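What's in upload-v6.cif: mmCIF, C-alpha atoms
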```
data_entry
#
loop_
_atom_site.label_atom_id
_atom_site.label_comp_id
_atom_site.auth_asym_id
_atom_site.auth_seq_id
_atom_site.Cartn_x
_atom_site.Cartn_y
_atom_site.Cartn_z
CA MET N 1272 -23.79 0.23 -68.12
CA GLN N 1273 -26.19 -1.79 -65.95
CA ALA N 1274 -25.05 -3.39 -62.69
CA ALA N 1275 -25.71 -6.85 -64.15
CA ASP N 1276 -23.23 -6.14 -66.93
CA LEU N 1277 -20.47 -5.91 -64.32
CA ALA N 1278 -21.11 -9.39 -62.93
CA ILE N 1279 -19.53 -12.56 -64.25
CA PRO N 1280 -21.76 -14.54 -66.67
CA GLY N 1281 -22.44 -17.30 -64.14
CA VAL N 1282 -23.85 -14.86 -61.62
CA ARG N 1283 -25.98 -13.12 -64.24
CA GLY N 1284 -27.56 -16.46 -65.08
CA LEU N 1285 -28.36 -17.46 -61.50
CA THR N 1286 -31.81 -17.61 -59.94
CA PRO N 1287 -31.61 -16.69 -56.24
CA TYR N 1288 -32.29 -19.44 -53.72
CA LEU N 1289 -35.90 -19.37 -52.55
CA PRO N 1290 -36.25 -20.25 -48.85
CA GLY N 1291 -39.48 -21.41 -47.28
CA LYS N 1292 -41.87 -18.59 -46.39
CA PRO N 1293 -41.30 -17.40 -42.80
CA ILE N 1294 -44.15 -17.53 -40.30
CA ALA N 1295 -43.89 -13.79 -39.58
CA GLU N 1296 -44.24 -12.94 -43.27
CA LEU N 1297 -47.45 -14.95 -43.60
CA GLU N 1298 -48.80 -13.34 -40.43
CA ARG N 1299 -48.17 -9.89 -41.92
CA GLU N 1300 -49.62 -10.78 -45.32
CA LEU N 1301 -52.81 -12.54 -44.25
CA GLY N 1302 -53.26 -11.59 -40.61
CA LEU N 1303 -53.27 -15.22 -39.53
CA SER N 1304 -52.13 -16.79 -36.27
CA ASN N 1305 -51.37 -20.33 -35.12
CA ILE N 1306 -49.53 -20.98 -38.36
CA VAL N 1307 -48.00 -24.39 -38.99
CA LYS N 1308 -44.74 -24.19 -40.92
CA LEU N 1309 -43.71 -27.43 -42.62
CA ALA N 1310 -41.63 -25.96 -45.43
CA SER N 1311 -37.95 -25.95 -44.55
CA ASN N 1312 -37.18 -29.39 -43.07
CA GLU N 1313 -36.70 -27.98 -39.59
CA ASN N 1314 -36.86 -30.11 -36.45
CA PRO N 1315 -40.35 -29.77 -34.90
CA LEU N 1316 -38.93 -30.60 -31.46
CA GLY N 1317 -36.61 -27.63 -31.63
CA PRO N 1318 -33.06 -27.61 -30.29
CA SER N 1319 -31.68 -29.80 -27.54
CA PRO N 1320 -32.23 -28.41 -24.02
CA LYS N 1321 -28.48 -28.81 -23.56
CA ALA N 1322 -27.88 -26.61 -26.60
CA LEU N 1323 -30.24 -23.94 -25.26
CA GLU N 1324 -28.46 -23.93 -21.92
CA ALA N 1325 -25.08 -23.64 -23.65
CA VAL N 1326 -26.30 -20.57 -25.56
CA ARG N 1327 -27.57 -18.98 -22.33
CA ARG N 1328 -24.22 -19.53 -20.64
CA ILE N 1329 -22.27 -17.91 -23.48
CA LEU N 1330 -24.40 -14.76 -23.83
CA PRO N 1331 -22.24 -12.62 -21.49
CA ASP N 1332 -19.26 -13.33 -23.77
CA LEU N 1333 -20.78 -11.99 -26.99
CA HIS N 1334 -18.28 -9.14 -27.08
CA PHE N 1335 -15.54 -11.69 -27.84
CA TYR N 1336 -14.83 -13.09 -31.28
CA PRO N 1337 -15.49 -16.83 -31.56
CA ASP N 1338 -12.66 -19.32 -31.82
CA GLY N 1339 -11.87 -18.90 -35.50
CA GLY N 1340 -10.57 -22.44 -35.82
CA GLY N 1341 -13.45 -24.01 -33.91
CA PHE N 1342 -11.01 -26.09 -31.86
CA GLU N 1343 -13.45 -27.40 -29.25
CA LEU N 1344 -16.26 -28.27 -31.69
CA LYS N 1345 -13.85 -29.91 -34.12
CA SER N 1346 -12.36 -31.93 -31.27
CA ALA N 1347 -15.83 -33.03 -30.16
CA LEU N 1348 -16.77 -33.99 -33.70
CA ALA N 1349 -13.50 -35.84 -34.22
CA GLY N 1350 -14.05 -37.84 -31.04
CA LYS N 1351 -17.62 -38.74 -32.00
CA LEU N 1352 -16.74 -39.66 -35.60
CA GLY N 1353 -13.42 -41.39 -34.93
CA LEU N 1354 -11.42 -38.93 -37.06
CA GLU N 1355 -8.76 -36.28 -36.63
CA PRO N 1356 -9.70 -32.62 -36.05
CA ALA N 1357 -7.49 -31.68 -39.00
CA GLN N 1358 -9.97 -33.48 -41.29
CA ILE N 1359 -12.87 -31.20 -40.34
CA THR N 1360 -13.84 -27.85 -41.86
CA LEU N 1361 -16.57 -25.88 -40.09
CA GLY N 1362 -19.09 -23.77 -41.95
CA ASN N 1363 -21.95 -21.35 -41.47
CA GLY N 1364 -24.30 -24.20 -42.26
CA SER N 1365 -23.35 -26.95 -44.72
CA ASN N 1366 -24.18 -24.50 -47.53
CA ASP N 1367 -21.07 -22.61 -46.49
CA VAL N 1368 -18.77 -25.61 -46.82
CA LEU N 1369 -20.30 -26.43 -50.20
CA GLU N 1370 -19.34 -22.93 -51.29
CA LEU N 1371 -15.83 -23.43 -49.90
CA VAL N 1372 -15.47 -26.50 -52.11
CA ALA N 1373 -16.51 -24.45 -55.14
CA ARG N 1374 -14.12 -21.62 -54.30
CA ALA N 1375 -11.23 -24.01 -53.74
CA PHE N 1376 -11.65 -26.26 -56.78
CA LEU N 1377 -13.81 -24.57 -59.43
CA SER N 1378 -13.06 -21.79 -61.92
CA PRO N 1379 -14.34 -20.60 -65.31
CA GLU N 1380 -12.12 -23.15 -67.05
CA VAL N 1381 -13.68 -26.24 -65.43
CA ASN N 1382 -17.05 -27.79 -64.62
CA ALA N 1383 -19.05 -29.45 -61.86
CA VAL N 1384 -21.54 -32.28 -62.33
CA PHE N 1385 -24.70 -32.98 -60.34
CA SER N 1386 -28.15 -34.46 -60.81
CA GLU N 1387 -31.41 -33.01 -61.97
CA HIS N 1388 -33.73 -32.34 -58.98
CA ALA N 1389 -30.72 -32.08 -56.63
CA PHE N 1390 -30.12 -29.46 -53.94
CA ALA N 1391 -30.39 -25.92 -55.35
CA VAL N 1392 -27.12 -24.78 -53.76
CA TYR N 1393 -25.02 -26.89 -56.16
CA PRO N 1394 -25.75 -24.74 -59.24
CA ILE N 1395 -25.52 -21.57 -57.17
CA VAL N 1396 -22.01 -22.22 -55.85
CA THR N 1397 -20.87 -23.56 -59.22
CA GLN N 1398 -22.05 -20.67 -61.34
CA ALA N 1399 -21.08 -18.06 -58.75
CA VAL N 1400 -17.41 -18.82 -59.36
CA GLY N 1401 -17.88 -18.89 -63.13
CA ALA N 1402 -17.64 -22.66 -63.56
CA THR N 1403 -19.89 -24.64 -65.89
CA ALA N 1404 -22.71 -26.69 -64.36
CA LYS N 1405 -23.41 -30.02 -66.07
CA VAL N 1406 -26.74 -31.53 -65.01
CA ALA N 1407 -27.40 -35.26 -65.40
CA GLN N 1408 -30.94 -36.42 -66.01
CA ALA N 1409 -32.51 -38.13 -62.99
CA HIS N 1410 -33.89 -41.66 -63.05
CA ASP N 1411 -37.21 -42.05 -64.83
CA GLY N 1412 -38.13 -45.04 -62.67
CA SER N 1413 -37.21 -47.74 -65.17
CA ARG N 1414 -33.74 -48.52 -63.75
CA GLY N 1415 -33.67 -46.79 -60.39
CA SER N 1416 -35.71 -44.76 -57.93
CA ARG N 1417 -37.74 -42.23 -59.93
CA TYR N 1418 -36.41 -38.67 -59.59
CA GLY N 1419 -33.27 -40.02 -57.88
CA HIS N 1420 -29.63 -39.69 -58.93
CA ASP N 1421 -28.72 -41.73 -62.02
CA LEU N 1422 -25.07 -42.40 -61.26
CA ALA N 1423 -24.40 -43.75 -64.75
CA ALA N 1424 -25.74 -40.53 -66.26
CA ILE N 1425 -23.61 -38.48 -63.87
CA ALA N 1426 -20.49 -40.50 -64.68
CA ALA N 1427 -21.12 -40.03 -68.40
CA LEU N 1428 -20.87 -36.24 -67.97
CA VAL N 1429 -17.52 -36.35 -66.16
CA ASP N 1430 -14.71 -35.30 -68.48
CA ALA N 1431 -11.15 -33.97 -68.35
CA ASP N 1432 -12.43 -30.57 -67.20
CA THR N 1433 -14.61 -31.84 -64.35
CA ARG N 1434 -13.28 -30.91 -60.92
CA VAL N 1435 -16.26 -31.52 -58.60
CA VAL N 1436 -19.18 -33.95 -58.51
CA PHE N 1437 -21.98 -33.20 -56.03
CA ILE N 1438 -24.01 -36.16 -54.71
CA ALA N 1439 -26.84 -35.62 -52.22
CA ASN N 1440 -27.53 -38.74 -50.17
CA PRO N 1441 -30.36 -38.71 -49.30
CA ASN N 1442 -31.42 -36.13 -51.84
CA ASN N 1443 -33.37 -32.97 -51.12
CA PRO N 1444 -36.13 -32.37 -52.25
CA THR N 1445 -36.94 -35.90 -53.42
CA GLY N 1446 -35.99 -37.89 -50.30
CA ASN N 1447 -34.60 -40.95 -52.08
CA TYR N 1448 -31.15 -42.39 -51.44
CA LEU N 1449 -28.25 -44.23 -53.03
CA ALA N 1450 -27.36 -47.63 -51.62
CA ARG N 1451 -23.93 -48.56 -50.33
CA THR N 1452 -22.84 -50.78 -53.23
CA GLU N 1453 -23.85 -48.46 -56.07
CA LEU N 1454 -22.40 -45.33 -54.49
CA HIS N 1455 -19.12 -47.03 -53.64
CA ALA N 1456 -18.76 -48.30 -57.20
CA PHE N 1457 -19.43 -44.82 -58.55
CA LEU N 1458 -16.80 -43.22 -56.34
CA ALA N 1459 -14.29 -45.93 -57.25
CA GLY N 1460 -14.81 -45.13 -60.92
CA LEU N 1461 -14.16 -41.40 -60.71
CA PRO N 1462 -10.86 -40.13 -62.14
CA ASP N 1463 -8.34 -38.74 -59.68
CA HIS N 1464 -8.78 -35.14 -60.88
CA VAL N 1465 -12.34 -35.04 -59.50
CA VAL N 1466 -13.38 -34.08 -55.96
CA ALA N 1467 -16.49 -36.04 -54.94
CA VAL N 1468 -18.79 -34.26 -52.49
CA VAL N 1469 -21.29 -36.52 -50.74
CA ASP N 1470 -23.83 -34.30 -49.03
CA GLU N 1471 -25.28 -36.12 -46.00
CA ALA N 1472 -27.38 -33.32 -44.51
CA TYR N 1473 -30.09 -35.82 -43.50
CA PHE N 1474 -27.73 -38.59 -42.39
CA GLU N 1475 -29.08 -38.88 -38.84
CA TYR N 1476 -32.62 -39.65 -40.03
CA VAL N 1477 -31.78 -42.62 -42.27
CA ALA N 1478 -32.36 -46.11 -40.85
CA VAL N 1479 -32.40 -48.34 -43.95
CA ALA N 1480 -29.87 -51.17 -43.89
CA ASP N 1481 -28.10 -50.48 -47.19
CA TYR N 1482 -27.59 -46.74 -46.65
CA PRO N 1483 -23.85 -45.97 -46.49
CA ASN N 1484 -21.86 -43.90 -44.04
CA ALA N 1485 -19.57 -42.19 -46.53
CA LEU N 1486 -17.14 -41.21 -43.77
CA SER N 1487 -15.96 -44.83 -43.67
CA TRP N 1488 -14.63 -44.44 -47.22
CA LEU N 1489 -12.33 -41.49 -46.55
CA PRO N 1490 -9.17 -43.66 -46.25
CA GLU N 1491 -10.00 -45.27 -49.60
CA PHE N 1492 -10.91 -42.13 -51.57
CA PRO N 1493 -8.51 -39.23 -50.95
CA ASN N 1494 -10.65 -36.82 -52.99
CA LEU N 1495 -13.85 -37.50 -51.05
CA VAL N 1496 -15.56 -34.71 -49.08
CA VAL N 1497 -18.55 -35.52 -46.85
CA THR N 1498 -20.76 -32.67 -45.67
CA ARG N 1499 -23.17 -32.71 -42.73
CA THR N 1500 -25.16 -30.19 -40.73
CA PHE N 1501 -26.59 -29.31 -37.33
CA SER N 1502 -29.60 -27.63 -39.00
CA LYS N 1503 -31.80 -30.70 -39.41
CA ALA N 1504 -31.85 -33.48 -36.82
CA TYR N 1505 -29.98 -31.37 -34.25
CA GLY N 1506 -32.49 -28.52 -34.55
CA LEU N 1507 -30.02 -25.64 -34.90
CA ALA N 1508 -31.08 -24.23 -38.27
CA GLY N 1509 -31.26 -20.69 -36.90
CA LEU N 1510 -27.66 -20.76 -35.69
CA ARG N 1511 -26.16 -22.11 -38.93
CA VAL N 1512 -23.53 -24.75 -38.22
CA GLY N 1513 -22.34 -27.32 -40.74
CA TYR N 1514 -19.12 -29.13 -41.46
CA ALA N 1515 -17.13 -31.01 -44.07
CA VAL N 1516 -15.01 -34.07 -43.38
CA SER N 1517 -12.23 -34.98 -45.79
CA SER N 1518 -8.56 -35.77 -45.94
CA SER N 1519 -6.46 -33.29 -43.97
CA ALA N 1520 -4.95 -32.15 -47.29
CA ILE N 1521 -8.35 -31.14 -48.69
CA ALA N 1522 -9.42 -29.66 -45.35
CA ASP N 1523 -6.29 -27.49 -45.42
CA LEU N 1524 -7.33 -26.11 -48.82
CA LEU N 1525 -10.89 -25.46 -47.68
CA ASN N 1526 -9.66 -23.64 -44.60
CA ARG N 1527 -7.51 -21.37 -46.78
CA VAL N 1528 -10.65 -19.89 -48.35
CA ARG N 1529 -12.81 -20.05 -45.20
CA GLN N 1530 -13.56 -16.75 -43.49
CA PRO N 1531 -11.82 -16.62 -40.08
CA PHE N 1532 -14.99 -16.31 -37.96
CA ASN N 1533 -17.56 -17.98 -40.19
CA VAL N 1534 -19.28 -19.79 -37.28
CA ASN N 1535 -20.46 -17.58 -34.46
CA LEU N 1536 -19.87 -18.12 -30.76
CA PRO N 1537 -23.38 -19.26 -29.70
CA ALA N 1538 -23.48 -21.63 -32.68
CA LEU N 1539 -20.18 -23.26 -31.72
CA GLU N 1540 -21.32 -23.77 -28.13
CA ALA N 1541 -24.79 -25.01 -29.07
CA ALA N 1542 -23.46 -27.52 -31.60
CA LYS N 1543 -20.96 -28.91 -29.11
CA ALA N 1544 -23.71 -29.36 -26.52
CA ALA N 1545 -26.13 -30.87 -29.05
CA LEU N 1546 -23.60 -33.57 -29.91
CA ASP N 1547 -23.75 -34.65 -26.27
CA ASP N 1548 -27.55 -35.02 -26.15
CA ALA N 1549 -28.20 -38.50 -27.51
CA GLU N 1550 -31.67 -38.62 -25.98
CA HIS N 1551 -32.87 -35.55 -27.91
CA LEU N 1552 -31.53 -36.96 -31.16
CA GLN N 1553 -33.22 -40.31 -30.50
CA ASN N 1554 -36.53 -38.56 -29.77
CA THR N 1555 -36.17 -36.57 -32.97
CA VAL N 1556 -35.58 -39.67 -35.10
CA ARG N 1557 -38.42 -41.56 -33.39
CA LEU N 1558 -40.85 -38.71 -34.02
CA ASN N 1559 -39.73 -38.47 -37.64
CA ASP N 1560 -40.17 -42.20 -38.27
CA ALA N 1561 -43.73 -42.02 -36.96
CA GLY N 1562 -44.44 -38.89 -38.99
CA LEU N 1563 -43.19 -40.45 -42.22
CA ARG N 1564 -45.59 -43.35 -41.66
CA GLN N 1565 -48.47 -41.02 -40.77
CA LEU N 1566 -48.03 -38.83 -43.85
CA GLY N 1567 -47.31 -41.72 -46.20
CA GLU N 1568 -50.42 -43.61 -45.16
CA ALA N 1569 -52.54 -40.46 -45.37
CA LEU N 1570 -51.30 -39.50 -48.83
CA THR N 1571 -51.87 -43.05 -50.07
CA ALA N 1572 -55.42 -43.00 -48.68
CA ARG N 1573 -56.02 -39.80 -50.65
CA GLY N 1574 -54.70 -41.30 -53.86
CA LEU N 1575 -51.70 -38.96 -53.97
CA GLU N 1576 -48.46 -40.46 -55.24
CA PHE N 1577 -45.38 -39.59 -53.19
CA ILE N 1578 -41.66 -40.26 -53.44
CA PRO N 1579 -40.58 -42.69 -50.68
CA SER N 1580 -38.33 -40.67 -48.38
CA VAL N 1581 -35.65 -41.46 -45.82
CA GLY N 1582 -35.27 -37.82 -44.77
CA ASN N 1583 -37.53 -35.64 -42.65
CA PHE N 1584 -39.85 -34.65 -45.50
CA ILE N 1585 -42.07 -36.15 -48.18
CA THR N 1586 -42.57 -34.87 -51.72
CA PHE N 1587 -45.91 -35.70 -53.31
CA ASP N 1588 -47.45 -35.30 -56.75
CA LEU N 1589 -50.69 -33.37 -57.19
CA GLN N 1590 -50.97 -34.28 -60.90
CA ARG N 1591 -51.58 -30.59 -61.60
CA PRO N 1592 -49.69 -27.33 -61.08
CA ALA N 1593 -48.84 -27.16 -57.38
CA GLY N 1594 -48.67 -23.36 -57.11
CA PRO N 1595 -52.41 -22.73 -56.58
CA VAL N 1596 -52.60 -25.51 -53.97
CA TYR N 1597 -49.59 -24.04 -52.16
CA GLU N 1598 -51.23 -20.60 -52.13
CA ALA N 1599 -54.52 -22.03 -50.89
CA LEU N 1600 -52.71 -23.86 -48.08
CA LEU N 1601 -51.12 -20.57 -47.05
CA ARG N 1602 -54.59 -19.10 -46.63
CA GLN N 1603 -55.34 -22.07 -44.37
CA GLY N 1604 -52.34 -21.14 -42.22
CA VAL N 1605 -50.12 -24.01 -43.41
CA ILE N 1606 -46.75 -23.37 -45.05
CA VAL N 1607 -45.33 -26.13 -47.24
CA ARG N 1608 -42.79 -25.93 -50.06
CA PRO N 1609 -43.50 -25.68 -53.79
CA ILE N 1610 -40.59 -27.10 -55.76
CA GLY N 1611 -41.11 -25.94 -59.29
CA ASN N 1612 -37.62 -24.44 -59.10
CA TYR N 1613 -36.33 -28.02 -58.82
CA GLY N 1614 -38.07 -29.02 -62.05
CA LEU N 1615 -41.07 -30.52 -60.22
CA PRO N 1616 -43.91 -28.04 -60.82
CA ASN N 1617 -46.68 -30.49 -59.87
CA HIS N 1618 -45.13 -31.50 -56.55
CA LEU N 1619 -45.17 -30.11 -53.02
CA ARG N 1620 -42.67 -30.98 -50.30
CA ILE N 1621 -43.96 -31.35 -46.75
CA THR N 1622 -41.66 -31.40 -43.74
CA VAL N 1623 -42.48 -34.04 -41.15
CA GLY N 1624 -43.89 -32.25 -38.12
CA THR N 1625 -45.41 -33.46 -34.89
CA ALA N 1626 -48.43 -35.75 -35.18
CA GLU N 1627 -50.65 -32.74 -34.46
CA GLN N 1628 -48.95 -30.54 -37.08
CA ASN N 1629 -49.19 -33.30 -39.67
CA ALA N 1630 -52.90 -33.65 -38.92
CA VAL N 1631 -53.42 -29.89 -39.33
CA PHE N 1632 -51.71 -30.06 -42.74
CA LEU N 1633 -53.80 -33.05 -43.86
CA ALA N 1634 -57.05 -31.40 -42.83
CA ALA N 1635 -56.07 -28.21 -44.65
CA LEU N 1636 -55.12 -30.21 -47.74
CA ASP N 1637 -58.49 -31.94 -47.72
CA ARG N 1638 -60.28 -28.58 -47.60
CA VAL N 1639 -58.15 -27.18 -50.42
CA LEU N 1640 -58.55 -30.19 -52.70
CA ALA N 1641 -62.31 -30.31 -52.08
CA ALA N 1642 -62.77 -26.64 -52.97
#
```
Give the structure from the file, written as structure tokens.
Amino acid sequence: MQAADLAIPGVRGLTPYLPGKPIAELERELGLSNIVKLASNENPLGPSPKALEAVRRILPDLHFYPDGGGFELKSALAGKLGLEPAQITLGNGSNDVLELVARAFLSPEVNAVFSEHAFAVYPIVTQAVGATAKVAQAHDGSRGSRYGHDLAAIAALVDADTRVVFIANPNNPTGNYLARTELHAFLAGLPDHVVAVVDEAYFEYVAVADYPNALSWLPEFPNLVVTRTFSKAYGLAGLRVGYAVSSSAIADLLNRVRQPFNVNLPALEAAKAALDDAEHLQNTVRLNDAGLRQLGEALTARGLEFIPSVGNFITFDLQRPAGPVYEALLRQGVIVRPIGNYGLPNHLRITVGTAEQNAVFLAALDRVLAA
């Protein structure tokens, strides 16, 4: 008997998550230096100086286990968000809390619904527990933002066996978003046996007027779970801190399946300090806004169609298989993200970097496309 035969069917059918290529790996492969990585939606400014100092202070205490309940970070989050600590579940990145939702509410007898081109973790956590994944076709551009969530199509797949609906707002890797009115109406129409997860990993970057703060709907929708992260705008991707906000009843269930020390000590301290650095967050958002304009204008000038984004990345269409262009950019020392695994084989996703990093990418792209 093969090892795969011992796994549950959902696991056997999974494709492992493909992260962006690390800088060190490209250095080893091609012997390059001064590499620009714009593949994983990381903050080009790095972490807050306050977060770095908090990590330095805690280093002598690494022989202690972290606070398994995350009391201080949950209290800080609750104060900032105007909620109760009992509504918060901490995770080793927001991926972790997405998995907690799957473990708490999904099983082989039920299903989860999400959109085509949505975050790759949704099918992974769904199938890993043996549940059925039901994928709604994305908008084709005729009724809504092309490649974005078609909420009517998602609602049509919800049935008596649906337990979880995953909604990414804004969505990764496409960058488009759902407006306040349409998302609220969708949530209001869900049956009471469905847990709605609104994934707001890029919340801090969004400045459009009709973008909703789903946390404000928690009193209205008892089955709503909102997930956020410190990996993006707060620049702590390497430490892995995310969180879910929900009713205290749902948070209690998530904490029953959460590992006791799932967030490490430096991560807890860094996240708490990062919350207190409004200036760093403002600088991050300001840089990102300028970078979105820089990249959008440059892609338009080159005749390359892109999906308008409110996150910290832009996905653009090469009108041909993107794999060879991605590989050629690697040889130029620029790492971006091919997204064929999201059903977009002709697209590349570029993280917004500094103005200088964006310029390096654009120059490399010009050389590759002219070759």
Picked residues, the PyMOL selection byres ((chain N and resi 1525-1536) around 10), expected as an mmCIF file with C-alpha atoms, in the frame of the given file:
```cif
data_model
loop_
_atom_site.group_PDB
_atom_site.id
_atom_site.type_symbol
_atom_site.label_atom_id
_atom_site.label_comp_id
_atom_site.auth_asym_id
_atom_site.auth_seq_id
_atom_site.Cartn_x
_atom_site.Cartn_y
_atom_site.Cartn_z
ATOM 1 C CA VAL N 1326 -26.300 -20.570 -25.560
ATOM 2 C CA ILE N 1329 -22.270 -17.910 -23.480
ATOM 3 C CA LEU N 1330 -24.400 -14.760 -23.830
ATOM 4 C CA ASP N 1332 -19.260 -13.330 -23.770
ATOM 5 C CA LEU N 1333 -20.780 -11.990 -26.990
ATOM 6 C CA HIS N 1334 -18.280 -9.140 -27.080
ATOM 7 C CA PHE N 1335 -15.540 -11.690 -27.840
ATOM 8 C CA TYR N 1336 -14.830 -13.090 -31.280
ATOM 9 C CA PRO N 1337 -15.490 -16.830 -31.560
ATOM 10 C CA ASP N 1338 -12.660 -19.320 -31.820
ATOM 11 C CA GLY N 1339 -11.870 -18.900 -35.500
ATOM 12 C CA GLY N 1340 -10.570 -22.440 -35.820
ATOM 13 C CA GLY N 1341 -13.450 -24.010 -33.910
ATOM 14 C CA ILE N 1359 -12.870 -31.200 -40.340
ATOM 15 C CA THR N 1360 -13.840 -27.850 -41.860
ATOM 16 C CA LEU N 1361 -16.570 -25.880 -40.090
ATOM 17 C CA GLY N 1362 -19.090 -23.770 -41.950
ATOM 18 C CA ASN N 1363 -21.950 -21.350 -41.470
ATOM 19 C CA GLY N 1364 -24.300 -24.200 -42.260
ATOM 20 C CA ASP N 1367 -21.070 -22.610 -46.490
ATOM 21 C CA VAL N 1368 -18.770 -25.610 -46.820
ATOM 22 C CA LEU N 1369 -20.300 -26.430 -50.200
ATOM 23 C CA GLU N 1370 -19.340 -22.930 -51.290
ATOM 24 C CA LEU N 1371 -15.830 -23.430 -49.900
ATOM 25 C CA VAL N 1372 -15.470 -26.500 -52.110
ATOM 26 C CA ALA N 1373 -16.510 -24.450 -55.140
ATOM 27 C CA ARG N 1374 -14.120 -21.620 -54.300
ATOM 28 C CA ALA N 1375 -11.230 -24.010 -53.740
ATOM 29 C CA PHE N 1376 -11.650 -26.260 -56.780
ATOM 30 C CA LEU N 1510 -27.660 -20.760 -35.690
ATOM 31 C CA ARG N 1511 -26.160 -22.110 -38.930
ATOM 32 C CA VAL N 1512 -23.530 -24.750 -38.220
ATOM 33 C CA GLY N 1513 -22.340 -27.320 -40.740
ATOM 34 C CA ALA N 1515 -17.130 -31.010 -44.070
ATOM 35 C CA SER N 1517 -12.230 -34.980 -45.790
ATOM 36 C CA SER N 1519 -6.460 -33.290 -43.970
ATOM 37 C CA ALA N 1520 -4.950 -32.150 -47.290
ATOM 38 C CA ILE N 1521 -8.350 -31.140 -48.690
ATOM 39 C CA ALA N 1522 -9.420 -29.660 -45.350
ATOM 40 C CA ASP N 1523 -6.290 -27.490 -45.420
ATOM 41 C CA LEU N 1524 -7.330 -26.110 -48.820
ATOM 42 C CA PRO N 1537 -23.380 -19.260 -29.700
ATOM 43 C CA ALA N 1538 -23.480 -21.630 -32.680
ATOM 44 C CA LEU N 1539 -20.180 -23.260 -31.720
ATOM 45 C CA GLU N 1540 -21.320 -23.770 -28.130
ATOM 46 C CA ALA N 1541 -24.790 -25.010 -29.070
#
```
For this session: Can you work out the spacing between atom CA of N:Phe1492 and atom CA of N:Thr1433 in Å, to one decimal?
Result: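 Computing it gives 16.8 Å between the two atoms.
Of the residues under consideration (N:Leu1619, N:Gly1594, N:Gly1614, N:Gly1317), N:Gly1614 shows the shortest atom-to-atom contact distance to N:Val1406 when counting all atoms listed in the file.
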For this session: Can you turn the PyMOL selection byres ((chain N and resi 1597) around 9) into a concrete residue list for this file, as a list in words?
Result: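 Taken over the shown coordinates, the PyMOL selection byres ((chain N and resi 1597) around 9) returns Ala1593, Gly1594, Pro1595, Val1596, Glu1598, Ala1599, Leu1600, Leu1601, Arg1602, Val1605, Ile1606, Val1607, Arg1608, Pro1609 and Leu1619 of chain N.
Ranking N:Val1556, N:Leu1589, N:Leu1640, N:Ile1395 by their shortest atom-to-atom distance to N:Val1623, with only C-alpha atoms included, puts N:Val1556 first.
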Exercise. Of the candidates N:Ala1295, N:Ala1347, N:Leu1566, N:Ala1544, which one gets nearest to N:Leu1633 if we count all atoms listed in the file?
Worked result: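 Ranking N:Ala1295, N:Ala1347, N:Leu1566, N:Ala1544 by distance to N:Leu1633, first place goes to N:Leu1566.
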For this session: May I ask which of the residues N:Pro1394, N:Ser1386, N:Ala1423, N:Ser1487 is the closest one to N:Gly1460, counting only C-alpha atoms?
Result: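 For N:Gly1460, the nearest of the candidates is N:Ala1423.
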Written as a PDB file with C-alpha atoms, in the frame of the given file, which residues does the PyMOL selection byres ((chain N and resi 1475) around 8) give for the file shown?
```pdb
ATOM      1  CA  TYR N1473     -30.090 -35.820 -43.500  1.00  0.00           C
ATOM      2  CA  PHE N1474     -27.730 -38.590 -42.390  1.00  0.00           C
ATOM      3  CA  TYR N1476     -32.620 -39.650 -40.030  1.00  0.00           C
ATOM      4  CA  VAL N1477     -31.780 -42.620 -42.270  1.00  0.00           C
ATOM      5  CA  ALA N1504     -31.850 -33.480 -36.820  1.00  0.00           C
ATOM      6  CA  VAL N1556     -35.580 -39.670 -35.100  1.00  0.00           C
TER       7      VAL N1556
END
```
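Here atom CA of N:Leu1354 and atom CA of N:Pro1320 stand 26.7 Å from one another.
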Problem set entry | Counting only C-alpha atoms, the residue of N:Glu1355, N:Asp1588, N:Asp1470, N:Glu1324 that sits nearest N:Gly1574 |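 Selected residue with least distance to N:Gly1574: N:Asp1588.
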Residues of stretch 1313-1391 of chain N at most 8 Å from stretch 1436-1442 of chain N: nearest atom pair and distance in Å, all atoms listed in the file, as a Markdown table:
```
| residue | atom | partner | partner_atom | distance |
| --- | --- | --- | --- | --- |
| N:Ala1383 | CA | N:Val1436 | CA | 5.6 |
| N:Val1384 | CA | N:Val1436 | CA | 4.8 |
| N:Phe1385 | CA | N:Phe1437 | CA | 5.1 |
| N:Ser1386 | CA | N:Ile1438 | CA | 7.6 |
| N:Ala1389 | CA | N:Asn1442 | CA | 6.3 |
| N:Phe1390 | CA | N:Asn1442 | CA | 7.1 |
```
For this session: Find, counting all atoms listed in the file, the residue in N:Val1631, N:Ala1407, N:Val1468, N:Ile1279 that gets nearest to N:Pro1379.
Result: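 Result for the nearest residue to N:Pro1379: N:Ile1279.
Between atom CA of N:Asn1312 and atom CA of N:Thr1622 there is a distance of 5.0 Å.
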Problem set entry | Exercise: N:Ala1391 partners within 10 Å, only C-alpha atoms, chain neighbours under 3 positions left out, as number ranges by chain | N: 1286-1289, 1387-1388, 1394-1396, 1443-1444, 1612-1613
